[in-house]
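Asker: Input structure: final_26.pdb, which contains PDB, C-alpha atoms.
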ATOM      1  CA  MET A  19       0.000   0.000   0.000
ATOM      2  CA  ARG A  20       1.775   3.054  -1.243
ATOM      3  CA  TYR A  21       1.581   6.581   0.050
ATOM      4  CA  GLN A  22      -0.348   8.702  -2.439
ATOM      5  CA  GLN A  23       0.993  12.095  -3.447
ATOM      6  CA  GLY A  24      -0.839  14.843  -1.548
ATOM      7  CA  GLU A  25      -2.250  12.457   1.041
ATOM      8  CA  SER A  26      -1.621  13.327   4.672
ATOM      9  CA  TYR A  27       0.509  10.892   6.638
ATOM     10  CA  GLU A  28      -2.419  10.400   9.050
ATOM     11  CA  ASP A  29      -4.835   9.512   6.237
ATOM     12  CA  TRP A  30      -2.322   7.094   4.754
ATOM     13  CA  ALA A  31      -1.709   5.517   8.179
ATOM     14  CA  GLU A  32      -5.456   5.028   8.616
ATOM     15  CA  ARG A  33      -5.708   3.362   5.196
ATOM     16  CA  VAL A  34      -2.823   1.057   6.142
ATOM     17  CA  ARG A  35      -4.474   0.217   9.469
ATOM     18  CA  ARG A  36      -7.816  -0.629   7.847
ATOM     19  CA  TYR A  37      -6.180  -2.715   5.125
ATOM     20  CA  GLU A  38      -3.961  -4.695   7.511
ATOM     21  CA  HIS A  39      -6.862  -5.194   9.930
ATOM     22  CA  GLY A  40      -8.947  -6.653   7.099
ATOM     23  CA  GLU A  41      -6.067  -8.918   6.047
ATOM     24  CA  ALA A  42      -5.671 -10.166   9.629
ATOM     25  CA  LEU A  43      -9.398 -10.936   9.844
ATOM     26  CA  LYS A  44      -9.211 -12.877   6.560
ATOM     27  CA  GLN A  45      -6.273 -14.914   7.869
ATOM     28  CA  ILE A  46      -8.060 -15.696  11.119
ATOM     29  CA  ALA A  47     -11.190 -16.711   9.175
ATOM     30  CA  ALA A  48      -9.008 -18.990   7.038
ATOM     31  CA  GLY A  49      -7.782 -20.766  10.166
ATOM     32  CA  MET A  50      -4.596 -18.948  11.087
ATOM     33  CA  ASP A  51      -3.898 -18.630  14.800
ATOM     34  CA  ALA A  52      -5.216 -15.244  15.988
ATOM     35  CA  ASP A  53      -2.011 -14.374  17.850
ATOM     36  CA  ALA A  54       0.070 -15.138  14.753
ATOM     37  CA  ALA A  55      -2.234 -13.053  12.558
ATOM     38  CA  LEU A  56      -2.088 -10.111  14.961
ATOM     39  CA  GLU A  57       1.696 -10.346  15.246
ATOM     40  CA  ARG A  58       1.970 -10.340  11.447
ATOM     41  CA  MET A  59      -0.407  -7.373  11.229
ATOM     42  CA  ALA A  60       1.591  -5.378  13.782
ATOM     43  CA  ARG A  61       4.886  -6.135  12.033
ATOM     44  CA  ARG A  62       3.527  -5.154   8.621
ATOM     45  CA  ILE A  63       2.040  -1.895   9.934
ATOM     46  CA  SER A  64       5.330  -1.006  11.620
ATOM     47  CA  GLU A  65       7.297  -1.726   8.454
ATOM     48  CA  LYS A  66       4.938   0.398   6.373
ATOM     49  CA  MET A  67       4.998   3.316   8.822
ATOM     50  CA  LEU A  68       8.803   3.291   8.932
ATOM     51  CA  ALA A  69       9.309   2.996   5.167
ATOM     52  CA  PRO A  70       8.845   6.705   4.269
ATOM     53  CA  ILE A  71      10.973   7.790   7.219
ATOM     54  CA  LEU A  72      13.805   5.430   6.329
ATOM     55  CA  GLN A  73      13.583   6.466   2.676
ATOM     56  CA  ALA A  74      13.883  10.145   3.643
ATOM     57  CA  ILE A  75      16.924   9.339   5.774
ATOM     58  CA  ARG A  76      18.547   7.438   2.897
ATOM     59  CA  GLU A  77      17.823  10.282   0.488
ATOM     60  CA  SER A  78      19.239  12.963   2.763
ATOM     61  CA  ARG A  79      22.861  12.833   1.824
ATOM     62  CA  THR A  80      23.903  15.524   4.251
ATOM     63  CA  PRO A  81      26.915  14.253   6.148
ATOM     64  CA  ILE A  82      26.749  14.670   9.906
ATOM     65  CA  SER A  83      29.867  15.723  11.729
ATOM     66  CA  LYS A  84      30.891  13.920  14.884
ATOM     67  CA  GLU A  85      30.446  17.155  16.859
ATOM     68  CA  ASP A  86      26.895  17.645  15.538
ATOM     69  CA  LEU A  87      26.064  14.037  16.343
ATOM     70  CA  GLU A  88      27.324  14.367  19.929
ATOM     71  CA  LYS A  89      25.487  17.678  20.331
ATOM     72  CA  SER A  90      22.271  16.094  19.045
ATOM     73  CA  LYS A  91      22.639  13.150  21.429
ATOM     74  CA  GLN A  92      23.173  15.500  24.379
ATOM     75  CA  GLU A  93      20.167  17.644  23.431
ATOM     76  CA  TYR A  94      18.004  14.524  23.146
ATOM     77  CA  TYR A  95      19.183  13.339  26.557
ATOM     78  CA  ASP A  96      18.628  16.767  28.139
ATOM     79  CA  ASN A  97      15.189  17.295  26.584
ATOM     80  CA  TYR A  98      13.748  13.781  26.888
ATOM     81  CA  ILE A  99      15.699  11.026  28.590
ATOM     82  CA  SER A 100      16.722  13.034  31.656
ATOM     83  CA  LYS A 101      13.065  13.974  32.281
ATOM     84  CA  ILE A 102      11.841  10.397  32.534
ATOM     85  CA  PRO A 103      11.319   9.661  36.229
ATOM     86  CA  LYS A 104      13.254   6.696  37.512
ATOM     87  CA  ARG A 105      11.226   3.705  38.580
ATOM     88  CA  PRO A 106      11.883   2.123  41.955
ATOM     89  CA  ASP A 107      13.584  -0.846  40.280
ATOM     90  CA  GLN A 108      16.195   1.430  38.706
ATOM     91  CA  MET A 109      19.044   1.682  41.177
ATOM     92  CA  GLY A 110      20.959   4.463  39.396
ATOM     93  CA  ASP A 111      21.330   7.222  42.014
ATOM     94  CA  PHE A 112      19.849   5.375  44.945
ATOM     95  CA  VAL A 113      21.624   5.891  48.285
ATOM     96  CA  PHE A 114      20.988   3.527  51.156
ATOM     97  CA  ASP A 115      20.114   5.243  54.393
ATOM     98  CA  LYS A 116      22.742   4.131  56.931
ATOM     99  CA  LYS A 117      21.453   4.265  60.492
TER     100      LYS A 117
END
Before we go any further, please render this structure as structure tokens.
Answerer:
Amino acid sequence: MRYQQGESYEDWAERVRRYEHGEALKQIAAGMDADAALERMARRISEKMLAPILQAIRESRTPISKEDLEKSKQEYYDNYISKIPKRPDQMGDFVFDKK
């Protein structure tokens, strides 16, 4: 299922979802295990959603300097990763209270 010129990404994603859902239902009706059909549907949707992104990355031939890459990684960490609260099972900065 190809992306149509002028179509919004959201509209295309909805078409993909409906198509793959219908294919999964057909497979289940034909006797395929439901879990296997759903796993196949999820994989195919993921592949289709990533295809335009990966193609754009391949087509962008702008070389990235090591400094820009490190800067981008740090910005990503500062803006996103560092703001994720640690769960109790993550022992990163945990200090035992010594009494």
Asker: To one decimal in Å, tell me the separation between atom CA of A:Lys44 and atom CA of A:Leu72.
Answerer: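 Between atom CA of A:Lys44 and atom CA of A:Leu72 the gap is 29.4 Å.
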Asker: Mind telling me what the PyMOL selection byres ((chain A and resi 54-59) around 9) catches here, as a ChimeraX atom specification?
Answerer: /A:35,38-39,41-43,45-46,50-53,60-64
Asker: Report, in Å to a single decimal, how far apart atom CA of A:Ile99 and atom CA of A:Leu87 are.
Answerer: 16.3 Å
Asker: So which residues get picked by the PyMOL selection byres ((chain A and resi 19) around 7) here, written as JSON, numbers by chain?
Answerer: {"A": [20, 21, 34]}
Asker: Tell me, in Å to one decimal, how far atom CA of A:Arg36 is from atom CA of A:Lys66.
Answerer: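 About the pair atom CA of A:Arg36 and atom CA of A:Lys66: they are 12.9 Å apart.
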